[in-house]
file protein01.cif (mmCIF, N, CA and C atoms)
data_work
loop_
_atom_site.label_atom_id
_atom_site.label_comp_id
_atom_site.auth_asym_id
_atom_site.auth_seq_id
_atom_site.Cartn_x
_atom_site.Cartn_y
_atom_site.Cartn_z
N MET A 1 -37.89 19.21 -9.98
CA MET A 1 -36.95 18.13 -9.74
C MET A 1 -36.43 17.56 -11.05
N THR A 2 -37.24 17.55 -12.08
CA THR A 2 -36.83 16.99 -13.36
C THR A 2 -35.67 17.76 -13.95
N LEU A 3 -35.69 19.09 -13.79
CA LEU A 3 -34.60 19.90 -14.30
C LEU A 3 -33.29 19.51 -13.62
N LEU A 4 -33.31 19.36 -12.31
CA LEU A 4 -32.13 18.95 -11.57
C LEU A 4 -31.68 17.56 -12.02
N THR A 5 -32.61 16.66 -12.17
CA THR A 5 -32.28 15.30 -12.60
C THR A 5 -31.66 15.31 -13.99
N ASN A 6 -32.22 16.06 -14.90
CA ASN A 6 -31.67 16.12 -16.27
C ASN A 6 -30.27 16.73 -16.27
N GLU A 7 -30.09 17.79 -15.49
CA GLU A 7 -28.76 18.42 -15.42
C GLU A 7 -27.74 17.45 -14.82
N PHE A 8 -28.15 16.77 -13.76
CA PHE A 8 -27.25 15.81 -13.12
C PHE A 8 -26.91 14.66 -14.07
N GLN A 9 -27.89 14.17 -14.79
CA GLN A 9 -27.63 13.06 -15.73
C GLN A 9 -26.63 13.48 -16.79
N THR A 10 -26.75 14.69 -17.28
CA THR A 10 -25.83 15.18 -18.29
C THR A 10 -24.40 15.25 -17.73
N GLN A 11 -24.27 15.79 -16.53
CA GLN A 11 -22.94 15.90 -15.93
C GLN A 11 -22.40 14.54 -15.52
N TRP A 12 -23.28 13.65 -15.08
CA TRP A 12 -22.85 12.33 -14.62
C TRP A 12 -22.16 11.55 -15.72
N LYS A 13 -22.59 11.72 -16.95
CA LYS A 13 -21.97 10.99 -18.07
C LYS A 13 -20.48 11.27 -18.16
N SER A 14 -20.06 12.48 -17.82
CA SER A 14 -18.64 12.79 -17.89
C SER A 14 -17.91 12.47 -16.59
N ILE A 15 -18.63 12.42 -15.47
CA ILE A 15 -18.01 12.17 -14.18
C ILE A 15 -17.91 10.67 -13.86
N ALA A 16 -18.92 9.92 -14.22
CA ALA A 16 -19.01 8.50 -13.84
C ALA A 16 -17.76 7.69 -14.18
N PRO A 17 -17.20 7.84 -15.38
CA PRO A 17 -16.00 7.04 -15.69
C PRO A 17 -14.82 7.34 -14.76
N LEU A 18 -14.79 8.52 -14.17
CA LEU A 18 -13.70 8.88 -13.25
C LEU A 18 -13.87 8.23 -11.89
N LEU A 19 -15.08 7.77 -11.59
CA LEU A 19 -15.38 7.21 -10.27
C LEU A 19 -15.73 5.73 -10.33
N SER A 20 -15.27 5.08 -11.37
CA SER A 20 -15.59 3.66 -11.54
C SER A 20 -14.31 2.87 -11.77
N ILE A 21 -14.11 1.85 -10.95
CA ILE A 21 -12.96 0.97 -11.12
C ILE A 21 -13.49 -0.45 -11.09
N ARG A 22 -13.67 -1.04 -12.27
CA ARG A 22 -14.23 -2.39 -12.37
C ARG A 22 -13.24 -3.43 -12.87
N ASN A 23 -12.07 -2.97 -13.34
CA ASN A 23 -11.10 -3.92 -13.87
C ASN A 23 -9.70 -3.30 -13.77
N ASP A 24 -8.69 -4.07 -14.13
CA ASP A 24 -7.31 -3.60 -14.00
C ASP A 24 -7.01 -2.40 -14.90
N LYS A 25 -7.62 -2.35 -16.06
CA LYS A 25 -7.39 -1.21 -16.96
C LYS A 25 -7.90 0.08 -16.30
N GLU A 26 -9.11 0.03 -15.75
CA GLU A 26 -9.66 1.20 -15.07
C GLU A 26 -8.86 1.52 -13.81
N TYR A 27 -8.37 0.48 -13.13
CA TYR A 27 -7.53 0.67 -11.94
C TYR A 27 -6.25 1.42 -12.32
N ASN A 28 -5.57 0.97 -13.37
CA ASN A 28 -4.33 1.62 -13.80
C ASN A 28 -4.57 3.08 -14.19
N THR A 29 -5.69 3.32 -14.87
CA THR A 29 -6.04 4.69 -15.25
C THR A 29 -6.29 5.54 -14.01
N ALA A 30 -6.99 4.97 -13.03
CA ALA A 30 -7.29 5.70 -11.80
C ALA A 30 -6.00 6.02 -11.03
N VAL A 31 -5.08 5.07 -10.96
CA VAL A 31 -3.81 5.31 -10.26
C VAL A 31 -3.03 6.42 -10.96
N LYS A 32 -3.00 6.38 -12.28
CA LYS A 32 -2.30 7.42 -13.05
C LYS A 32 -2.95 8.78 -12.77
N ARG A 33 -4.27 8.82 -12.78
CA ARG A 33 -4.99 10.07 -12.52
C ARG A 33 -4.71 10.56 -11.09
N LEU A 34 -4.70 9.64 -10.13
CA LEU A 34 -4.43 10.01 -8.74
C LEU A 34 -3.03 10.61 -8.61
N ASN A 35 -2.05 10.00 -9.25
CA ASN A 35 -0.68 10.52 -9.20
C ASN A 35 -0.59 11.92 -9.81
N GLU A 36 -1.31 12.14 -10.90
CA GLU A 36 -1.33 13.47 -11.52
C GLU A 36 -1.96 14.49 -10.57
N LEU A 37 -3.05 14.09 -9.92
CA LEU A 37 -3.70 14.98 -8.96
C LEU A 37 -2.78 15.28 -7.78
N LEU A 38 -2.09 14.26 -7.29
CA LEU A 38 -1.16 14.47 -6.17
C LEU A 38 -0.05 15.44 -6.56
N ASP A 39 0.45 15.31 -7.80
CA ASP A 39 1.48 16.23 -8.27
C ASP A 39 0.97 17.67 -8.29
N GLU A 40 -0.28 17.85 -8.70
CA GLU A 40 -0.85 19.19 -8.81
C GLU A 40 -1.35 19.73 -7.47
N ILE A 41 -2.02 18.90 -6.70
CA ILE A 41 -2.71 19.36 -5.49
C ILE A 41 -1.85 19.19 -4.24
N GLY A 42 -1.11 18.11 -4.17
CA GLY A 42 -0.34 17.81 -2.97
C GLY A 42 -1.27 17.60 -1.80
N ASP A 43 -1.01 18.26 -0.69
CA ASP A 43 -1.88 18.13 0.49
C ASP A 43 -2.69 19.41 0.74
N ASN A 44 -2.89 20.20 -0.30
CA ASN A 44 -3.65 21.45 -0.20
C ASN A 44 -5.14 21.14 -0.11
N GLU A 45 -5.66 21.07 1.11
CA GLU A 45 -7.06 20.73 1.32
C GLU A 45 -8.02 21.79 0.80
N LYS A 46 -7.52 22.96 0.47
CA LYS A 46 -8.38 24.03 -0.05
C LYS A 46 -8.50 24.00 -1.57
N HIS A 47 -7.74 23.15 -2.20
CA HIS A 47 -7.81 23.04 -3.66
C HIS A 47 -9.19 22.52 -4.04
N PRO A 48 -9.80 23.07 -5.10
CA PRO A 48 -11.16 22.65 -5.47
C PRO A 48 -11.29 21.16 -5.83
N LEU A 49 -10.20 20.51 -6.19
CA LEU A 49 -10.27 19.09 -6.55
C LEU A 49 -9.80 18.17 -5.43
N TYR A 50 -9.55 18.73 -4.26
CA TYR A 50 -9.05 17.91 -3.16
C TYR A 50 -10.03 16.79 -2.78
N SER A 51 -11.32 17.09 -2.72
CA SER A 51 -12.29 16.05 -2.36
C SER A 51 -12.35 14.95 -3.43
N PHE A 52 -12.13 15.33 -4.69
CA PHE A 52 -12.07 14.31 -5.75
C PHE A 52 -10.84 13.43 -5.55
N LEU A 53 -9.70 14.04 -5.23
CA LEU A 53 -8.48 13.28 -4.96
C LEU A 53 -8.73 12.30 -3.81
N ASP A 54 -9.35 12.76 -2.76
CA ASP A 54 -9.65 11.93 -1.59
C ASP A 54 -10.58 10.77 -1.96
N THR A 55 -11.62 11.06 -2.73
CA THR A 55 -12.57 10.03 -3.15
C THR A 55 -11.90 9.01 -4.06
N LEU A 56 -11.11 9.48 -4.99
CA LEU A 56 -10.42 8.58 -5.91
C LEU A 56 -9.45 7.67 -5.15
N GLY A 57 -8.76 8.23 -4.17
CA GLY A 57 -7.87 7.42 -3.34
C GLY A 57 -8.62 6.34 -2.60
N SER A 58 -9.80 6.66 -2.10
CA SER A 58 -10.62 5.66 -1.40
C SER A 58 -11.09 4.56 -2.35
N LEU A 59 -11.50 4.94 -3.55
CA LEU A 59 -11.94 3.94 -4.54
C LEU A 59 -10.79 3.00 -4.92
N ILE A 60 -9.61 3.55 -5.09
CA ILE A 60 -8.44 2.74 -5.42
C ILE A 60 -8.13 1.79 -4.28
N ALA A 61 -8.18 2.27 -3.05
CA ALA A 61 -7.90 1.42 -1.88
C ALA A 61 -8.90 0.27 -1.80
N LEU A 62 -10.16 0.53 -2.05
CA LEU A 62 -11.17 -0.53 -2.04
C LEU A 62 -10.89 -1.58 -3.11
N TYR A 63 -10.54 -1.12 -4.31
CA TYR A 63 -10.23 -2.05 -5.40
C TYR A 63 -9.01 -2.90 -5.03
N GLU A 64 -7.99 -2.28 -4.45
CA GLU A 64 -6.78 -3.01 -4.07
C GLU A 64 -7.06 -4.03 -2.98
N GLU A 65 -7.88 -3.67 -2.01
CA GLU A 65 -8.22 -4.62 -0.94
C GLU A 65 -8.89 -5.87 -1.50
N GLU A 66 -9.73 -5.68 -2.50
CA GLU A 66 -10.46 -6.81 -3.07
C GLU A 66 -9.61 -7.61 -4.05
N HIS A 67 -8.80 -6.94 -4.86
CA HIS A 67 -8.08 -7.63 -5.94
C HIS A 67 -6.60 -7.88 -5.67
N TYR A 68 -6.02 -7.14 -4.75
CA TYR A 68 -4.60 -7.30 -4.43
C TYR A 68 -4.41 -7.35 -2.92
N PRO A 69 -5.01 -8.31 -2.25
CA PRO A 69 -4.90 -8.34 -0.78
C PRO A 69 -3.45 -8.59 -0.35
N ILE A 70 -3.10 -7.96 0.75
CA ILE A 70 -1.77 -8.15 1.32
C ILE A 70 -1.81 -9.39 2.20
N PRO A 71 -0.98 -10.38 1.90
CA PRO A 71 -1.03 -11.60 2.70
C PRO A 71 -0.54 -11.37 4.12
N GLU A 72 -1.08 -12.15 5.02
CA GLU A 72 -0.63 -12.10 6.41
C GLU A 72 0.81 -12.64 6.46
N ALA A 73 1.61 -12.04 7.31
CA ALA A 73 3.00 -12.50 7.44
C ALA A 73 3.42 -12.43 8.91
N ASP A 74 4.15 -13.43 9.32
CA ASP A 74 4.70 -13.39 10.68
C ASP A 74 6.07 -12.72 10.62
N GLY A 75 6.70 -12.59 11.77
CA GLY A 75 8.00 -11.92 11.84
C GLY A 75 9.04 -12.55 10.93
N ALA A 76 9.05 -13.87 10.89
CA ALA A 76 10.02 -14.57 10.03
C ALA A 76 9.74 -14.30 8.56
N GLY A 77 8.48 -14.23 8.20
CA GLY A 77 8.12 -13.94 6.81
C GLY A 77 8.54 -12.55 6.39
N VAL A 78 8.33 -11.59 7.29
CA VAL A 78 8.76 -10.22 7.01
C VAL A 78 10.27 -10.15 6.90
N LEU A 79 10.96 -10.83 7.81
CA LEU A 79 12.42 -10.85 7.76
C LEU A 79 12.90 -11.47 6.45
N ARG A 80 12.30 -12.58 6.06
CA ARG A 80 12.68 -13.23 4.80
C ARG A 80 12.48 -12.28 3.62
N PHE A 81 11.35 -11.56 3.60
CA PHE A 81 11.07 -10.60 2.53
C PHE A 81 12.14 -9.51 2.49
N LEU A 82 12.43 -8.92 3.65
CA LEU A 82 13.43 -7.85 3.70
C LEU A 82 14.81 -8.34 3.30
N MET A 83 15.14 -9.55 3.70
CA MET A 83 16.43 -10.12 3.30
C MET A 83 16.49 -10.29 1.78
N ASP A 84 15.41 -10.81 1.20
CA ASP A 84 15.37 -10.98 -0.26
C ASP A 84 15.49 -9.64 -0.98
N GLU A 85 14.76 -8.64 -0.48
CA GLU A 85 14.78 -7.32 -1.11
C GLU A 85 16.17 -6.71 -1.11
N GLN A 86 16.91 -6.94 -0.03
CA GLN A 86 18.24 -6.34 0.10
C GLN A 86 19.36 -7.34 -0.20
N GLU A 87 18.98 -8.50 -0.70
CA GLU A 87 19.94 -9.54 -1.08
C GLU A 87 20.92 -9.86 0.05
N LEU A 88 20.35 -10.10 1.22
CA LEU A 88 21.15 -10.44 2.39
C LEU A 88 21.14 -11.94 2.63
N THR A 89 22.21 -12.43 3.20
CA THR A 89 22.28 -13.83 3.61
C THR A 89 22.08 -13.90 5.12
N GLN A 90 21.92 -15.09 5.63
CA GLN A 90 21.73 -15.27 7.06
C GLN A 90 22.92 -14.74 7.85
N SER A 91 24.09 -14.86 7.31
CA SER A 91 25.29 -14.39 8.02
C SER A 91 25.44 -12.87 7.96
N ASP A 92 24.59 -12.20 7.18
CA ASP A 92 24.63 -10.74 7.12
C ASP A 92 23.85 -10.08 8.26
N LEU A 93 23.31 -10.90 9.16
CA LEU A 93 22.48 -10.36 10.24
C LEU A 93 23.05 -10.70 11.62
N PRO A 94 24.26 -10.22 11.94
CA PRO A 94 24.85 -10.55 13.24
C PRO A 94 24.06 -9.97 14.42
N GLU A 95 23.24 -8.94 14.17
CA GLU A 95 22.45 -8.36 15.25
C GLU A 95 21.39 -9.32 15.77
N ILE A 96 21.07 -10.35 15.01
CA ILE A 96 20.11 -11.37 15.45
C ILE A 96 20.83 -12.47 16.22
N GLY A 97 22.00 -12.81 15.72
CA GLY A 97 22.77 -13.90 16.31
C GLY A 97 23.54 -14.60 15.22
N SER A 98 23.93 -15.82 15.50
CA SER A 98 24.71 -16.59 14.52
C SER A 98 23.84 -16.96 13.32
N GLN A 99 24.49 -17.48 12.30
CA GLN A 99 23.78 -17.93 11.11
C GLN A 99 22.79 -19.02 11.49
N GLY A 100 23.14 -19.85 12.44
CA GLY A 100 22.27 -20.92 12.90
C GLY A 100 21.01 -20.38 13.57
N VAL A 101 21.15 -19.33 14.36
CA VAL A 101 19.99 -18.71 15.02
C VAL A 101 19.07 -18.11 13.95
N VAL A 102 19.64 -17.41 12.99
CA VAL A 102 18.83 -16.83 11.90
C VAL A 102 18.10 -17.93 11.16
N SER A 103 18.77 -19.02 10.88
CA SER A 103 18.15 -20.14 10.19
C SER A 103 16.97 -20.70 10.98
N GLU A 104 17.15 -20.86 12.29
CA GLU A 104 16.06 -21.36 13.13
C GLU A 104 14.86 -20.42 13.12
N ILE A 105 15.11 -19.12 13.12
CA ILE A 105 14.03 -18.13 13.07
C ILE A 105 13.30 -18.23 11.74
N LEU A 106 14.05 -18.27 10.66
CA LEU A 106 13.44 -18.33 9.33
C LEU A 106 12.67 -19.62 9.10
N ASN A 107 13.07 -20.69 9.76
CA ASN A 107 12.40 -21.99 9.61
C ASN A 107 11.30 -22.21 10.65
N GLY A 108 11.02 -21.20 11.47
CA GLY A 108 9.94 -21.31 12.44
C GLY A 108 10.26 -22.11 13.68
N LYS A 109 11.52 -22.44 13.89
CA LYS A 109 11.92 -23.21 15.07
C LYS A 109 12.19 -22.33 16.28
N ARG A 110 12.31 -21.02 16.03
CA ARG A 110 12.61 -20.07 17.09
C ARG A 110 11.88 -18.77 16.76
N GLU A 111 11.38 -18.10 17.79
CA GLU A 111 10.71 -16.81 17.63
C GLU A 111 11.73 -15.68 17.80
N LEU A 112 11.45 -14.55 17.15
CA LEU A 112 12.26 -13.36 17.38
C LEU A 112 12.00 -12.86 18.80
N ASN A 113 13.05 -12.45 19.49
CA ASN A 113 12.85 -11.86 20.81
C ASN A 113 12.85 -10.34 20.69
N VAL A 114 12.56 -9.67 21.79
CA VAL A 114 12.42 -8.22 21.79
C VAL A 114 13.71 -7.54 21.33
N ARG A 115 14.86 -7.99 21.81
CA ARG A 115 16.14 -7.39 21.42
C ARG A 115 16.36 -7.52 19.92
N GLN A 116 16.07 -8.70 19.37
CA GLN A 116 16.26 -8.93 17.94
C GLN A 116 15.30 -8.06 17.12
N ILE A 117 14.07 -7.95 17.58
CA ILE A 117 13.07 -7.13 16.87
C ILE A 117 13.52 -5.68 16.84
N ARG A 118 13.98 -5.17 17.95
CA ARG A 118 14.46 -3.78 17.99
C ARG A 118 15.64 -3.58 17.04
N ALA A 119 16.56 -4.52 17.05
CA ALA A 119 17.74 -4.41 16.17
C ALA A 119 17.34 -4.46 14.70
N LEU A 120 16.42 -5.36 14.37
CA LEU A 120 15.97 -5.47 12.97
C LEU A 120 15.21 -4.22 12.54
N ALA A 121 14.37 -3.69 13.42
CA ALA A 121 13.61 -2.48 13.09
C ALA A 121 14.57 -1.33 12.81
N LYS A 122 15.61 -1.22 13.61
CA LYS A 122 16.60 -0.17 13.41
C LYS A 122 17.36 -0.38 12.10
N ARG A 123 17.77 -1.61 11.86
CA ARG A 123 18.54 -1.91 10.65
C ARG A 123 17.74 -1.63 9.38
N PHE A 124 16.48 -2.08 9.35
CA PHE A 124 15.66 -1.96 8.14
C PHE A 124 14.83 -0.67 8.12
N LYS A 125 14.94 0.13 9.19
CA LYS A 125 14.22 1.39 9.29
C LYS A 125 12.71 1.20 9.12
N VAL A 126 12.18 0.26 9.91
CA VAL A 126 10.74 -0.02 9.92
C VAL A 126 10.28 -0.04 11.37
N SER A 127 8.99 -0.04 11.55
CA SER A 127 8.43 -0.14 12.88
C SER A 127 8.68 -1.54 13.44
N PRO A 128 8.98 -1.65 14.72
CA PRO A 128 9.13 -2.98 15.32
C PRO A 128 7.86 -3.83 15.16
N ALA A 129 6.73 -3.18 15.02
CA ALA A 129 5.46 -3.91 14.89
C ALA A 129 5.41 -4.83 13.69
N VAL A 130 6.19 -4.56 12.66
CA VAL A 130 6.14 -5.42 11.46
C VAL A 130 6.69 -6.83 11.74
N PHE A 131 7.47 -6.96 12.79
CA PHE A 131 8.04 -8.26 13.12
C PHE A 131 7.23 -9.03 14.17
N MET A 132 6.13 -8.45 14.61
CA MET A 132 5.33 -9.09 15.68
C MET A 132 4.11 -9.78 15.11
#

call {"tool": "encode", "arguments": {"input": "protein01.cif", "output": "C-alpha cells"}}
result
Amino acid sequence: MTLLTNEFQTQWKSIAPLLSIRNDKEYNTAVKRLNELLDEIGDNEKHPLYSFLDTLGSLIALYEEEHYPIPEADGAGVLRFLMDEQELTQSDLPEIGSQGVVSEILNGKRELNVRQIRALAKRFKVSPAVFM
C-alpha cells in the first residue's frame, strides 16, 4: 500500500492545483482551462480528458453558486433586465399593451398574463418560464 500511496502523492502534487478553486484567481484560471478543454474535446465523451472536463465544470459550477449566486427575479424583473440589455423603452413593447400597461407591470401593480408572457418569450427568444 505504501508504494501506491507514494506514487499517488507524487502525482497528486501536479494534479491538485487543477482541481482546486479557492479564490477568484484560481476560478479565472479554471474557466480558461475549461474553455481550452472544450475547444479541444467538445462533446467527445471518448476523449481521455473528458472526465476531467466534466469534473472541472462541476467544480466551477460549485464555486459560482457560492460566490456568484444568481438573484431571484420575478417576471417584471426579467422583463426589466431584457429591456435594459436591448435598450428598449416601455413604448417599444406593443405586444404587452400600452406604455401605461408596461409601466404598471414594471412597477408591480399588474402581473403579466399568459398572452403577454407568450409574446415576450417569442420576442426575446427565451422560454416562457423565465417570466413566471

call {"tool": "closest_residue", "arguments": {"input": "protein01.cif", "among": "A:Leu53, A:Ala76, A:Ala119, A:Leu82", "to": "A:Leu106", "atoms": "only N, CA and C atoms"}}
result
A:Ala76

call {"tool": "atom_distance", "arguments": {"input": "protein01.cif", "atom1": "atom CA of A:Ser91", "atom2": "atom N of A:Ser103"}}
result
8.5 Å

call {"tool": "atom_distance", "arguments": {"input": "protein01.cif", "atom1": "atom C of A:Ile96", "atom2": "atom C of A:Gln116"}}
result
7.1 Å

call {"tool": "residues_near_point", "arguments": {"input": "protein01.cif", "point": "(-9.1, 1.9, -9.6)", "cutoff": "8 Å", "atoms": "all atoms listed in the file", "output": "ChimeraX atom specification"}}
result
/A:19-31,56,58-64

call {"tool": "atom_distance", "arguments": {"input": "protein01.cif", "atom1": "atom CA of A:His47", "atom2": "atom CA of A:Glu65"}}
result
27.8 Å

call {"tool": "build_atoms", "arguments": {"input": "protein01.cif", "residues": "stretch 116-127 of chain A", "atoms": "all heavy atoms", "output": "PDB file, keeping the file's coordinate frame"}}
result
ATOM      1  N   GLN A 116      16.070  -8.700  19.370  1.00  0.00           N
ATOM      2  CA  GLN A 116      16.260  -8.930  17.940  1.00  0.00           C
ATOM      3  C   GLN A 116      15.300  -8.060  17.120  1.00  0.00           C
ATOM      4  O   GLN A 116      15.685  -7.486  16.095  1.00  0.00           O
ATOM      5  CB  GLN A 116      16.035 -10.404  17.615  1.00  0.00           C
ATOM      6  CG  GLN A 116      17.098 -11.311  18.192  1.00  0.00           C
ATOM      7  CD  GLN A 116      16.680 -12.771  18.176  1.00  0.00           C
ATOM      8  OE1 GLN A 116      15.499 -13.105  18.289  1.00  0.00           O
ATOM      9  NE2 GLN A 116      17.676 -13.659  18.066  1.00  0.00           N
ATOM     10  N   ILE A 117      14.070  -7.950  17.580  1.00  0.00           N
ATOM     11  CA  ILE A 117      13.070  -7.130  16.870  1.00  0.00           C
ATOM     12  C   ILE A 117      13.520  -5.680  16.840  1.00  0.00           C
ATOM     13  O   ILE A 117      13.451  -5.023  15.785  1.00  0.00           O
ATOM     14  CB  ILE A 117      11.683  -7.283  17.523  1.00  0.00           C
ATOM     15  CG1 ILE A 117      11.133  -8.680  17.229  1.00  0.00           C
ATOM     16  CG2 ILE A 117      10.725  -6.196  17.044  1.00  0.00           C
ATOM     17  CD1 ILE A 117       9.854  -9.029  17.972  1.00  0.00           C
ATOM     18  N   ARG A 118      13.980  -5.170  17.950  1.00  0.00           N
ATOM     19  CA  ARG A 118      14.460  -3.780  17.990  1.00  0.00           C
ATOM     20  C   ARG A 118      15.640  -3.580  17.040  1.00  0.00           C
ATOM     21  O   ARG A 118      15.718  -2.579  16.318  1.00  0.00           O
ATOM     22  CB  ARG A 118      14.852  -3.395  19.408  1.00  0.00           C
ATOM     23  CG  ARG A 118      13.671  -3.165  20.303  1.00  0.00           C
ATOM     24  CD  ARG A 118      14.104  -2.669  21.661  1.00  0.00           C
ATOM     25  NE  ARG A 118      12.947  -2.493  22.517  1.00  0.00           N
ATOM     26  CZ  ARG A 118      12.927  -2.722  23.807  1.00  0.00           C
ATOM     27  NH1 ARG A 118      14.024  -3.133  24.432  1.00  0.00           N
ATOM     28  NH2 ARG A 118      11.838  -2.540  24.513  1.00  0.00           N
ATOM     29  N   ALA A 119      16.560  -4.520  17.050  1.00  0.00           N
ATOM     30  CA  ALA A 119      17.740  -4.410  16.170  1.00  0.00           C
ATOM     31  C   ALA A 119      17.340  -4.460  14.700  1.00  0.00           C
ATOM     32  O   ALA A 119      17.854  -3.687  13.883  1.00  0.00           O
ATOM     33  CB  ALA A 119      18.734  -5.530  16.502  1.00  0.00           C
ATOM     34  N   LEU A 120      16.420  -5.360  14.370  1.00  0.00           N
ATOM     35  CA  LEU A 120      15.970  -5.470  12.970  1.00  0.00           C
ATOM     36  C   LEU A 120      15.210  -4.220  12.540  1.00  0.00           C
ATOM     37  O   LEU A 120      15.379  -3.737  11.409  1.00  0.00           O
ATOM     38  CB  LEU A 120      15.104  -6.716  12.790  1.00  0.00           C
ATOM     39  CG  LEU A 120      15.840  -8.041  12.869  1.00  0.00           C
ATOM     40  CD1 LEU A 120      14.853  -9.196  12.920  1.00  0.00           C
ATOM     41  CD2 LEU A 120      16.792  -8.198  11.686  1.00  0.00           C
ATOM     42  N   ALA A 121      14.370  -3.690  13.420  1.00  0.00           N
ATOM     43  CA  ALA A 121      13.610  -2.480  13.090  1.00  0.00           C
ATOM     44  C   ALA A 121      14.570  -1.330  12.810  1.00  0.00           C
ATOM     45  O   ALA A 121      14.372  -0.566  11.853  1.00  0.00           O
ATOM     46  CB  ALA A 121      12.662  -2.139  14.235  1.00  0.00           C
ATOM     47  N   LYS A 122      15.610  -1.220  13.610  1.00  0.00           N
ATOM     48  CA  LYS A 122      16.600  -0.170  13.410  1.00  0.00           C
ATOM     49  C   LYS A 122      17.360  -0.380  12.100  1.00  0.00           C
ATOM     50  O   LYS A 122      17.534   0.548  11.318  1.00  0.00           O
ATOM     51  CB  LYS A 122      17.570  -0.138  14.592  1.00  0.00           C
ATOM     52  CG  LYS A 122      18.575   0.983  14.529  1.00  0.00           C
ATOM     53  CD  LYS A 122      19.445   1.003  15.773  1.00  0.00           C
ATOM     54  CE  LYS A 122      20.462   2.122  15.676  1.00  0.00           C
ATOM     55  NZ  LYS A 122      21.334   2.158  16.855  1.00  0.00           N
ATOM     56  N   ARG A 123      17.770  -1.610  11.860  1.00  0.00           N
ATOM     57  CA  ARG A 123      18.540  -1.910  10.650  1.00  0.00           C
ATOM     58  C   ARG A 123      17.740  -1.630   9.380  1.00  0.00           C
ATOM     59  O   ARG A 123      18.229  -1.025   8.435  1.00  0.00           O
ATOM     60  CB  ARG A 123      18.990  -3.363  10.639  1.00  0.00           C
ATOM     61  CG  ARG A 123      19.728  -3.697   9.343  1.00  0.00           C
ATOM     62  CD  ARG A 123      20.033  -5.163   9.193  1.00  0.00           C
ATOM     63  NE  ARG A 123      20.813  -5.334   7.997  1.00  0.00           N
ATOM     64  CZ  ARG A 123      22.020  -5.859   7.944  1.00  0.00           C
ATOM     65  NH1 ARG A 123      22.605  -6.289   9.026  1.00  0.00           N
ATOM     66  NH2 ARG A 123      22.650  -5.974   6.797  1.00  0.00           N
ATOM     67  N   PHE A 124      16.480  -2.080   9.350  1.00  0.00           N
ATOM     68  CA  PHE A 124      15.660  -1.960   8.140  1.00  0.00           C
ATOM     69  C   PHE A 124      14.830  -0.670   8.120  1.00  0.00           C
ATOM     70  O   PHE A 124      14.090  -0.426   7.175  1.00  0.00           O
ATOM     71  CB  PHE A 124      14.756  -3.179   7.997  1.00  0.00           C
ATOM     72  CG  PHE A 124      15.517  -4.443   7.693  1.00  0.00           C
ATOM     73  CD1 PHE A 124      15.602  -5.459   8.630  1.00  0.00           C
ATOM     74  CD2 PHE A 124      16.140  -4.620   6.470  1.00  0.00           C
ATOM     75  CE1 PHE A 124      16.295  -6.636   8.358  1.00  0.00           C
ATOM     76  CE2 PHE A 124      16.834  -5.796   6.176  1.00  0.00           C
ATOM     77  CZ  PHE A 124      16.911  -6.795   7.124  1.00  0.00           C
ATOM     78  N   LYS A 125      14.940   0.130   9.190  1.00  0.00           N
ATOM     79  CA  LYS A 125      14.220   1.390   9.290  1.00  0.00           C
ATOM     80  C   LYS A 125      12.710   1.200   9.120  1.00  0.00           C
ATOM     81  O   LYS A 125      12.062   1.863   8.309  1.00  0.00           O
ATOM     82  CB  LYS A 125      14.761   2.409   8.270  1.00  0.00           C
ATOM     83  CG  LYS A 125      16.215   2.778   8.512  1.00  0.00           C
ATOM     84  CD  LYS A 125      16.739   3.731   7.459  1.00  0.00           C
ATOM     85  CE  LYS A 125      18.163   4.143   7.692  1.00  0.00           C
ATOM     86  NZ  LYS A 125      19.148   3.140   7.742  1.00  0.00           N
ATOM     87  N   VAL A 126      12.180   0.260   9.910  1.00  0.00           N
ATOM     88  CA  VAL A 126      10.740  -0.020   9.920  1.00  0.00           C
ATOM     89  C   VAL A 126      10.280  -0.040  11.370  1.00  0.00           C
ATOM     90  O   VAL A 126      11.084  -0.086  12.301  1.00  0.00           O
ATOM     91  CB  VAL A 126      10.407  -1.369   9.239  1.00  0.00           C
ATOM     92  CG1 VAL A 126      10.794  -1.362   7.758  1.00  0.00           C
ATOM     93  CG2 VAL A 126      11.081  -2.528   9.959  1.00  0.00           C
ATOM     94  N   SER A 127       8.990  -0.040  11.550  1.00  0.00           N
ATOM     95  CA  SER A 127       8.430  -0.140  12.880  1.00  0.00           C
ATOM     96  C   SER A 127       8.680  -1.540  13.440  1.00  0.00           C
ATOM     97  O   SER A 127       8.576  -2.521  12.693  1.00  0.00           O
ATOM     98  CB  SER A 127       6.924   0.121  12.825  1.00  0.00           C
ATOM     99  OG  SER A 127       6.303  -0.261  14.029  1.00  0.00           O
TER     100      SER A 127
END
